[in-house]
Structures are given as C-alpha cells and as structure tokens.
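Enquirer: Next up, work_26.txt (compact mmCIF, N, CA, C and O atoms).
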```txt
# COMPACT_ATOMS: atom_id res chain seq x y z
N MET A 1 -91.00 72.23 30.96
CA MET A 1 -90.40 72.36 32.26
C MET A 1 -88.91 72.72 32.11
O MET A 1 -88.40 73.55 32.86
N THR A 2 -88.24 72.11 31.15
CA THR A 2 -86.83 72.38 30.93
C THR A 2 -86.60 73.84 30.58
O THR A 2 -85.70 74.50 31.14
N VAL A 3 -87.40 74.36 29.70
CA VAL A 3 -87.26 75.76 29.28
C VAL A 3 -87.58 76.70 30.44
O VAL A 3 -86.89 77.71 30.64
N ALA A 4 -88.60 76.38 31.22
CA ALA A 4 -88.95 77.21 32.38
C ALA A 4 -87.80 77.26 33.38
O ALA A 4 -87.47 78.33 33.91
N LEU A 5 -87.19 76.13 33.63
CA LEU A 5 -86.05 76.10 34.55
C LEU A 5 -84.85 76.86 33.99
O LEU A 5 -84.13 77.54 34.73
N LEU A 6 -84.65 76.77 32.68
CA LEU A 6 -83.57 77.54 32.07
C LEU A 6 -83.82 79.03 32.20
O LEU A 6 -82.89 79.79 32.48
N VAL A 7 -85.05 79.45 32.00
CA VAL A 7 -85.38 80.88 32.14
C VAL A 7 -85.10 81.35 33.57
O VAL A 7 -84.51 82.42 33.78
N LEU A 8 -85.47 80.56 34.56
CA LEU A 8 -85.16 80.90 35.95
C LEU A 8 -83.65 80.95 36.19
O LEU A 8 -83.15 81.84 36.87
N ASP A 9 -82.93 80.01 35.62
CA ASP A 9 -81.48 79.97 35.75
C ASP A 9 -80.84 81.20 35.12
O ASP A 9 -79.96 81.83 35.71
N LEU A 10 -81.28 81.57 33.93
CA LEU A 10 -80.73 82.75 33.25
C LEU A 10 -81.05 84.02 34.03
O LEU A 10 -80.21 84.92 34.14
N ALA A 11 -82.26 84.11 34.58
CA ALA A 11 -82.63 85.28 35.38
C ALA A 11 -81.74 85.38 36.62
O ALA A 11 -81.24 86.47 36.95
N TRP A 12 -81.51 84.26 37.28
CA TRP A 12 -80.66 84.26 38.46
C TRP A 12 -79.21 84.61 38.10
O TRP A 12 -78.53 85.34 38.83
N CYS A 13 -78.75 84.15 36.97
CA CYS A 13 -77.39 84.46 36.52
C CYS A 13 -77.25 85.96 36.26
O CYS A 13 -76.23 86.56 36.60
N LEU A 14 -78.28 86.57 35.66
CA LEU A 14 -78.25 88.01 35.43
C LEU A 14 -78.21 88.78 36.75
O LEU A 14 -77.49 89.77 36.89
N VAL A 15 -78.98 88.32 37.73
CA VAL A 15 -78.96 88.96 39.06
C VAL A 15 -77.57 88.84 39.68
O VAL A 15 -77.03 89.80 40.23
N LEU A 16 -76.97 87.67 39.57
CA LEU A 16 -75.64 87.44 40.13
C LEU A 16 -74.59 88.33 39.47
O LEU A 16 -73.78 88.97 40.14
N LEU A 17 -74.62 88.41 38.14
CA LEU A 17 -73.66 89.24 37.43
C LEU A 17 -73.90 90.73 37.71
O LEU A 17 -72.94 91.50 37.86
N ALA A 18 -75.16 91.13 37.80
CA ALA A 18 -75.47 92.53 38.13
C ALA A 18 -74.97 92.88 39.53
O ALA A 18 -74.43 93.97 39.75
N ALA A 19 -75.12 91.97 40.47
CA ALA A 19 -74.63 92.21 41.83
C ALA A 19 -73.11 92.37 41.85
O ALA A 19 -72.58 93.20 42.59
N GLU A 20 -72.41 91.61 41.01
CA GLU A 20 -70.95 91.75 40.93
C GLU A 20 -70.55 93.10 40.36
O GLU A 20 -69.54 93.67 40.74
N VAL A 21 -71.35 93.61 39.43
CA VAL A 21 -71.05 94.91 38.81
C VAL A 21 -71.40 96.06 39.76
O VAL A 21 -70.63 97.00 39.93
N VAL A 22 -72.57 95.96 40.40
CA VAL A 22 -73.04 97.03 41.27
C VAL A 22 -72.22 97.13 42.55
O VAL A 22 -71.86 98.23 42.98
N ARG A 23 -71.92 96.00 43.16
CA ARG A 23 -71.14 95.99 44.41
C ARG A 23 -69.94 95.06 44.27
O ARG A 23 -69.91 93.96 44.84
N PRO A 24 -68.94 95.51 43.53
CA PRO A 24 -67.77 94.63 43.33
C PRO A 24 -66.97 94.45 44.62
O PRO A 24 -66.89 95.35 45.46
N ARG A 25 -66.44 93.28 44.78
CA ARG A 25 -65.55 92.99 45.92
C ARG A 25 -64.14 93.33 45.48
O ARG A 25 -63.70 92.89 44.43
N GLY A 26 -63.43 94.08 46.27
CA GLY A 26 -62.07 94.46 45.91
C GLY A 26 -61.09 93.31 46.06
O GLY A 26 -61.14 92.56 47.03
N GLY A 27 -60.22 93.15 45.09
CA GLY A 27 -59.17 92.12 45.18
C GLY A 27 -59.72 90.71 45.08
O GLY A 27 -60.89 90.47 44.82
N TYR A 28 -58.82 89.77 45.30
CA TYR A 28 -59.19 88.36 45.22
C TYR A 28 -59.78 87.89 46.54
O TYR A 28 -59.34 88.27 47.61
N GLY A 29 -60.74 87.05 46.46
CA GLY A 29 -61.31 86.38 47.61
C GLY A 29 -61.84 85.04 47.16
O GLY A 29 -62.32 84.89 46.03
N VAL A 30 -61.77 84.06 48.01
CA VAL A 30 -62.21 82.72 47.64
C VAL A 30 -63.70 82.71 47.29
O VAL A 30 -64.17 81.87 46.52
N ARG A 31 -64.45 83.70 47.79
CA ARG A 31 -65.88 83.78 47.48
C ARG A 31 -66.14 84.08 46.01
O ARG A 31 -67.26 83.92 45.52
N ARG A 32 -65.14 84.53 45.29
CA ARG A 32 -65.30 84.80 43.86
C ARG A 32 -65.70 83.54 43.10
O ARG A 32 -66.39 83.61 42.09
N TRP A 33 -65.26 82.38 43.58
CA TRP A 33 -65.61 81.14 42.90
C TRP A 33 -67.11 80.90 42.95
O TRP A 33 -67.66 80.19 42.11
N SER A 34 -67.80 81.50 43.93
CA SER A 34 -69.25 81.34 44.02
C SER A 34 -69.97 82.10 42.92
O SER A 34 -71.18 81.94 42.74
N THR A 35 -69.27 82.94 42.20
CA THR A 35 -69.82 83.59 41.01
C THR A 35 -69.42 82.83 39.77
O THR A 35 -70.23 82.61 38.86
N VAL A 36 -68.18 82.41 39.71
CA VAL A 36 -67.64 81.76 38.50
C VAL A 36 -68.37 80.44 38.22
O VAL A 36 -68.76 80.18 37.08
N PHE A 37 -68.56 79.63 39.23
CA PHE A 37 -69.15 78.31 39.02
C PHE A 37 -70.58 78.39 38.46
O PHE A 37 -70.88 77.74 37.45
N PRO A 38 -71.48 79.19 39.06
CA PRO A 38 -72.84 79.24 38.50
C PRO A 38 -72.90 79.80 37.08
O PRO A 38 -73.73 79.37 36.28
N VAL A 39 -72.02 80.74 36.76
CA VAL A 39 -72.02 81.29 35.40
C VAL A 39 -71.62 80.19 34.41
O VAL A 39 -72.23 80.04 33.35
N GLY A 40 -70.62 79.41 34.75
CA GLY A 40 -70.21 78.30 33.90
C GLY A 40 -71.30 77.25 33.74
O GLY A 40 -71.54 76.74 32.64
N MET A 41 -71.97 76.93 34.84
CA MET A 41 -73.04 75.94 34.77
C MET A 41 -74.24 76.46 33.99
O MET A 41 -74.89 75.71 33.27
N THR A 42 -74.51 77.76 34.10
CA THR A 42 -75.60 78.35 33.31
C THR A 42 -75.27 78.30 31.82
O THR A 42 -76.13 78.01 30.99
N ALA A 43 -74.02 78.55 31.48
CA ALA A 43 -73.59 78.46 30.08
C ALA A 43 -73.77 77.04 29.57
O ALA A 43 -74.32 76.83 28.46
N ALA A 44 -73.34 76.06 30.35
CA ALA A 44 -73.49 74.67 29.93
C ALA A 44 -74.96 74.28 29.80
O ALA A 44 -75.36 73.61 28.85
N ALA A 45 -75.78 74.74 30.75
CA ALA A 45 -77.21 74.42 30.69
C ALA A 45 -77.87 75.05 29.47
O ALA A 45 -78.70 74.43 28.81
N THR A 46 -77.48 76.28 29.15
CA THR A 46 -78.07 76.96 28.00
C THR A 46 -77.73 76.22 26.71
O THR A 46 -78.60 76.01 25.86
N LEU A 47 -76.48 75.83 26.57
CA LEU A 47 -76.09 75.09 25.36
C LEU A 47 -76.76 73.72 25.30
O LEU A 47 -77.17 73.26 24.22
N SER A 48 -76.89 73.07 26.43
CA SER A 48 -77.55 71.76 26.47
C SER A 48 -79.03 71.86 26.09
O SER A 48 -79.54 71.07 25.31
N VAL A 49 -79.71 72.84 26.66
CA VAL A 49 -81.13 73.02 26.36
C VAL A 49 -81.31 73.41 24.89
O VAL A 49 -82.23 72.94 24.23
N ALA A 50 -80.42 74.23 24.37
CA ALA A 50 -80.49 74.61 22.95
C ALA A 50 -80.44 73.37 22.06
O ALA A 50 -81.18 73.28 21.07
N ALA A 51 -79.60 72.42 22.42
CA ALA A 51 -79.47 71.20 21.61
C ALA A 51 -80.65 70.26 21.81
O ALA A 51 -81.19 69.72 20.84
N VAL A 52 -81.07 70.06 23.06
CA VAL A 52 -82.11 69.08 23.36
C VAL A 52 -83.49 69.56 22.88
O VAL A 52 -84.25 68.79 22.30
N VAL A 53 -83.80 70.82 23.09
CA VAL A 53 -85.11 71.34 22.73
C VAL A 53 -85.13 71.82 21.28
O VAL A 53 -86.17 72.15 20.75
N ASP A 54 -83.97 71.83 20.65
CA ASP A 54 -83.80 72.26 19.27
C ASP A 54 -84.24 73.72 19.08
O ASP A 54 -85.13 74.04 18.29
N VAL A 55 -83.59 74.58 19.87
CA VAL A 55 -83.82 76.02 19.78
C VAL A 55 -82.47 76.65 19.43
O VAL A 55 -81.69 77.01 20.30
N PRO A 56 -82.18 76.77 18.14
CA PRO A 56 -80.85 77.20 17.71
C PRO A 56 -80.45 78.61 18.18
O PRO A 56 -79.28 78.87 18.39
N TRP A 57 -81.42 79.52 18.38
CA TRP A 57 -81.05 80.87 18.78
C TRP A 57 -80.51 80.92 20.21
O TRP A 57 -79.88 81.91 20.59
N LEU A 58 -80.69 79.86 20.99
CA LEU A 58 -80.13 79.82 22.34
C LEU A 58 -78.62 79.57 22.33
O LEU A 58 -77.95 79.81 23.33
N LYS A 59 -78.10 79.10 21.19
CA LYS A 59 -76.66 78.84 21.12
C LYS A 59 -75.85 80.13 21.27
O LYS A 59 -74.79 80.13 21.87
N GLY A 60 -76.35 81.23 20.73
CA GLY A 60 -75.65 82.52 20.84
C GLY A 60 -75.47 82.96 22.29
O GLY A 60 -74.35 83.21 22.73
N PRO A 61 -76.57 83.05 23.06
CA PRO A 61 -76.41 83.40 24.48
C PRO A 61 -75.56 82.38 25.25
O PRO A 61 -74.79 82.76 26.13
N GLY A 62 -75.69 81.11 24.89
CA GLY A 62 -74.89 80.09 25.56
C GLY A 62 -73.40 80.29 25.31
O GLY A 62 -72.59 80.22 26.23
N ARG A 63 -73.05 80.56 24.05
CA ARG A 63 -71.64 80.82 23.73
C ARG A 63 -71.15 82.10 24.39
O ARG A 63 -70.00 82.18 24.83
N GLY A 64 -72.01 83.11 24.44
CA GLY A 64 -71.64 84.35 25.13
C GLY A 64 -71.35 84.11 26.60
O GLY A 64 -70.37 84.62 27.14
N LEU A 65 -72.21 83.30 27.23
CA LEU A 65 -71.98 82.97 28.64
C LEU A 65 -70.73 82.14 28.84
O LEU A 65 -70.05 82.27 29.85
N VAL A 66 -70.41 81.29 27.87
CA VAL A 66 -69.16 80.53 27.96
C VAL A 66 -67.98 81.50 27.97
O VAL A 66 -67.05 81.35 28.76
N GLY A 67 -68.03 82.50 27.10
CA GLY A 67 -66.96 83.50 27.06
C GLY A 67 -66.83 84.25 28.38
O GLY A 67 -65.73 84.45 28.90
N VAL A 68 -67.97 84.65 28.95
CA VAL A 68 -67.96 85.34 30.24
C VAL A 68 -67.41 84.42 31.32
O VAL A 68 -66.60 84.83 32.16
N ALA A 69 -67.85 83.17 31.32
CA ALA A 69 -67.39 82.21 32.33
C ALA A 69 -65.90 81.94 32.22
O ALA A 69 -65.20 81.88 33.24
N VAL A 70 -65.39 81.80 31.00
CA VAL A 70 -63.96 81.56 30.82
C VAL A 70 -63.15 82.77 31.29
O VAL A 70 -62.15 82.63 31.99
N ALA A 71 -63.60 83.97 30.93
CA ALA A 71 -62.90 85.19 31.35
C ALA A 71 -62.92 85.31 32.87
O ALA A 71 -61.90 85.64 33.49
N ALA A 72 -64.06 85.04 33.48
CA ALA A 72 -64.16 85.11 34.94
C ALA A 72 -63.28 84.06 35.59
O ALA A 72 -62.59 84.33 36.58
N TRP A 73 -63.28 82.84 35.03
CA TRP A 73 -62.45 81.78 35.59
C TRP A 73 -60.97 82.16 35.52
O TRP A 73 -60.23 81.97 36.49
N LEU A 74 -60.54 82.68 34.38
CA LEU A 74 -59.14 83.07 34.23
C LEU A 74 -58.77 84.18 35.21
O LEU A 74 -57.69 84.15 35.82
N ALA A 75 -59.65 85.16 35.37
CA ALA A 75 -59.37 86.27 36.30
C ALA A 75 -59.28 85.77 37.73
O ALA A 75 -58.36 86.15 38.48
N VAL A 76 -60.22 84.93 38.13
CA VAL A 76 -60.22 84.42 39.50
C VAL A 76 -59.04 83.47 39.74
O VAL A 76 -58.40 83.50 40.79
N ALA A 77 -58.73 82.64 38.76
CA ALA A 77 -57.58 81.74 38.89
C ALA A 77 -56.29 82.54 39.00
O ALA A 77 -55.40 82.20 39.79
N ALA A 78 -56.17 83.61 38.21
CA ALA A 78 -54.97 84.47 38.30
C ALA A 78 -54.88 85.12 39.68
O ALA A 78 -53.80 85.19 40.28
N GLY A 79 -56.02 85.58 40.19
CA GLY A 79 -56.03 86.15 41.54
C GLY A 79 -55.64 85.14 42.59
O GLY A 79 -54.89 85.46 43.52
N ALA A 80 -56.10 83.92 42.46
CA ALA A 80 -55.72 82.86 43.40
C ALA A 80 -54.23 82.58 43.33
O ALA A 80 -53.57 82.41 44.36
N ALA A 81 -53.69 82.52 42.12
CA ALA A 81 -52.26 82.26 41.96
C ALA A 81 -51.42 83.39 42.55
O ALA A 81 -50.42 83.14 43.23
N LEU A 82 -51.83 84.62 42.31
CA LEU A 82 -51.08 85.76 42.86
C LEU A 82 -51.16 85.80 44.37
O LEU A 82 -50.17 86.12 45.05
N THR A 83 -52.31 85.48 44.92
CA THR A 83 -52.47 85.45 46.38
C THR A 83 -51.62 84.35 46.98
O THR A 83 -50.95 84.55 48.00
N ALA A 84 -51.59 83.18 46.35
CA ALA A 84 -50.77 82.08 46.84
C ALA A 84 -49.29 82.43 46.75
O ALA A 84 -48.51 82.15 47.67
N ARG A 85 -48.91 83.06 45.67
CA ARG A 85 -47.51 83.46 45.48
C ARG A 85 -47.09 84.47 46.56
O ARG A 85 -46.01 84.36 47.13
N ALA A 86 -47.96 85.43 46.83
CA ALA A 86 -47.65 86.44 47.86
C ALA A 86 -47.55 85.78 49.23
O ALA A 86 -46.69 86.15 50.04
N ALA A 87 -48.41 84.79 49.49
CA ALA A 87 -48.36 84.10 50.78
C ALA A 87 -47.07 83.31 50.94
O ALA A 87 -46.48 83.27 52.01
N VAL A 88 -46.60 82.69 49.84
CA VAL A 88 -45.35 81.93 49.89
C VAL A 88 -44.18 82.87 50.12
O VAL A 88 -43.28 82.59 50.93
N ARG A 89 -44.18 84.00 49.45
CA ARG A 89 -43.09 84.96 49.61
C ARG A 89 -43.04 85.57 51.00
O ARG A 89 -41.96 85.88 51.50
N SER A 90 -44.19 85.75 51.62
CA SER A 90 -44.22 86.36 52.94
C SER A 90 -43.98 85.33 54.04
O SER A 90 -43.85 85.68 55.20
N GLY A 91 -43.95 84.07 53.67
CA GLY A 91 -43.67 83.00 54.63
C GLY A 91 -44.87 82.52 55.40
O GLY A 91 -44.73 81.90 56.45
N ARG A 92 -46.05 82.80 54.93
CA ARG A 92 -47.26 82.33 55.63
C ARG A 92 -47.57 80.93 55.30
O ARG A 92 -47.58 80.36 54.36
```
As structure tokens, how would this structure be written, given the file I've shared?
Expert:
Amino acid sequence: MTVALLVLDLAWCLVLLAAEVVRPRGGYGVRRWSTVFPVGMTAAATLSVAAVVDVPWLKGPGRGLVGVAVAAWLAVAAGAALTARAAVRSGR
C-alpha cells in the first residue's frame, strides 16, 4: 500500500511540474507555494519510503526531488521578498 501511494504521489508531482512548465505563471504570486509545498513533501515521502521499504534505488529520485524542491523554494522565497520590498517602497 505504501509503494502504491508513493507511485500515485510521484505521478501527481509529475503532472504538477509539467503544468508549471507548460503554462507558467508570470512573476511572483502567492499561489506558487501551492507547487513548492507538494514537491517538497513528495521528496520527503520518496526518501522515507526508500528507507522503510528498503528500496535503495528510490534514494536517487528522492534526492533529485529535494534539489528541485529547494530550488523552487529559493525562487519563490526570493520572489516573495522582492514583492514585499517593492510594496514597502511604494508605500502600500
């Protein structure tokens, strides 16, 4: 059951990432966090399942997803900081 749920999670993560590539949203928006969070959780789930079920080859995809999640988090956090900075400068 754990592996089946992980497969569904990975499939959904691929759909989510493909949607971001196919129809990117321009600029920063708070909705970007709705992509970052699931990617991070999928990475954590993949690494956890790799350890619990003792499937060492899952560690590679899990680490890859961690890298994607960290890069996405940094990009979205930078966008949030720049948006907040612009709002402070404009007096909003």
Enquirer: Around (-85.3, 69.7, 30.6), as given in the file, which residues come within 9 Å? Count only C-alpha atoms and list them as a PyMOL selection string.
Expert: chain A and resi 1-6+49+52-53
Enquirer: So that I have them on file, write out the residues from the current selection with N, CA, C and O atoms, as a PDB file, in the frame of the given file.
Expert:
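See result29.pdb below for the written result:
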```pdb
ATOM      1  N   MET A   1     -91.000  72.230  30.960  1.00  0.00           N
ATOM      2  CA  MET A   1     -90.400  72.360  32.260  1.00  0.00           C
ATOM      3  C   MET A   1     -88.910  72.720  32.110  1.00  0.00           C
ATOM      4  O   MET A   1     -88.400  73.550  32.860  1.00  0.00           O
ATOM      5  N   THR A   2     -88.240  72.110  31.150  1.00  0.00           N
ATOM      6  CA  THR A   2     -86.830  72.380  30.930  1.00  0.00           C
ATOM      7  C   THR A   2     -86.600  73.840  30.580  1.00  0.00           C
ATOM      8  O   THR A   2     -85.700  74.500  31.140  1.00  0.00           O
ATOM      9  N   VAL A   3     -87.400  74.360  29.700  1.00  0.00           N
ATOM     10  CA  VAL A   3     -87.260  75.760  29.280  1.00  0.00           C
ATOM     11  C   VAL A   3     -87.580  76.700  30.440  1.00  0.00           C
ATOM     12  O   VAL A   3     -86.890  77.710  30.640  1.00  0.00           O
ATOM     13  N   ALA A   4     -88.600  76.380  31.220  1.00  0.00           N
ATOM     14  CA  ALA A   4     -88.950  77.210  32.380  1.00  0.00           C
ATOM     15  C   ALA A   4     -87.800  77.260  33.380  1.00  0.00           C
ATOM     16  O   ALA A   4     -87.470  78.330  33.910  1.00  0.00           O
ATOM     17  N   LEU A   5     -87.190  76.130  33.630  1.00  0.00           N
ATOM     18  CA  LEU A   5     -86.050  76.100  34.550  1.00  0.00           C
ATOM     19  C   LEU A   5     -84.850  76.860  33.990  1.00  0.00           C
ATOM     20  O   LEU A   5     -84.130  77.540  34.730  1.00  0.00           O
ATOM     21  N   LEU A   6     -84.650  76.770  32.680  1.00  0.00           N
ATOM     22  CA  LEU A   6     -83.570  77.540  32.070  1.00  0.00           C
ATOM     23  C   LEU A   6     -83.820  79.030  32.200  1.00  0.00           C
ATOM     24  O   LEU A   6     -82.890  79.790  32.480  1.00  0.00           O
ATOM     25  N   VAL A  49     -79.710  72.840  26.660  1.00  0.00           N
ATOM     26  CA  VAL A  49     -81.130  73.020  26.360  1.00  0.00           C
ATOM     27  C   VAL A  49     -81.310  73.410  24.890  1.00  0.00           C
ATOM     28  O   VAL A  49     -82.230  72.940  24.230  1.00  0.00           O
ATOM     29  N   VAL A  52     -81.070  70.060  23.060  1.00  0.00           N
ATOM     30  CA  VAL A  52     -82.110  69.080  23.360  1.00  0.00           C
ATOM     31  C   VAL A  52     -83.490  69.560  22.880  1.00  0.00           C
ATOM     32  O   VAL A  52     -84.250  68.790  22.300  1.00  0.00           O
ATOM     33  N   VAL A  53     -83.800  70.820  23.090  1.00  0.00           N
ATOM     34  CA  VAL A  53     -85.110  71.340  22.730  1.00  0.00           C
ATOM     35  C   VAL A  53     -85.130  71.820  21.280  1.00  0.00           C
ATOM     36  O   VAL A  53     -86.170  72.150  20.750  1.00  0.00           O
TER      37      VAL A  53
END
```
Enquirer: Could you tell me how far atom N of Leu47 of chain A sits from atom O of Val30 of chain A, in Å to one decimal place?
Expert: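 About the pair atom O of Val30 of chain A and atom N of Leu47 of chain A: they are 24.2 Å apart.
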Enquirer: Tell me, in Å to one decimal, how far atom O of Val39 of chain A is from atom C of Arg85 of chain A.
Expert: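 Between atom O of Val39 of chain A and atom C of Arg85 of chain A the gap works out to 28.7 Å.
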Enquirer: Sorted by chain and rising residue number, list the residues of segment 1-46 of chain A at most 8 Å from segment 56-71 of chain A (counting all atoms listed in the file), each with its closest atom pair and distance in Å to one decimal, as a Markdown table.
Expert:
```
| residue | atom | partner | partner_atom | distance |
| --- | --- | --- | --- | --- |
| A:Thr35 | O | A:Ala69 | CA | 7.1 |
| A:Val36 | O | A:Ala69 | CA | 5.3 |
| A:Phe37 | N | A:Ala69 | O | 7.2 |
| A:Pro38 | C | A:Ala69 | CA | 7.7 |
| A:Val39 | O | A:Leu65 | O | 4.7 |
| A:Gly40 | N | A:Ala69 | CA | 4.9 |
| A:Met41 | N | A:Ala69 | CA | 7.4 |
| A:Thr42 | O | A:Gly62 | CA | 5.9 |
| A:Ala43 | CA | A:Gly62 | O | 4.3 |
| A:Ala44 | N | A:Gly62 | O | 5.9 |
| A:Ala45 | C | A:Gly62 | CA | 7.0 |
| A:Thr46 | O | A:Leu58 | O | 4.6 |
```
Enquirer: So which one's closest to Arg31 of chain A, A:Ala18, A:Ala84, A:Val76, A:Cys13? Using only C-alpha atoms, please.
Expert: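 Selected residue with least distance to Arg31 of chain A: A:Val76.
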Enquirer: Distance atom C of Tyr28 of chain A-atom C of Ala75 of chain A, one decimal place?
Expert: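 According to the coordinates, atom C of Tyr28 of chain A and atom C of Ala75 of chain A are separated by 9.1 Å.
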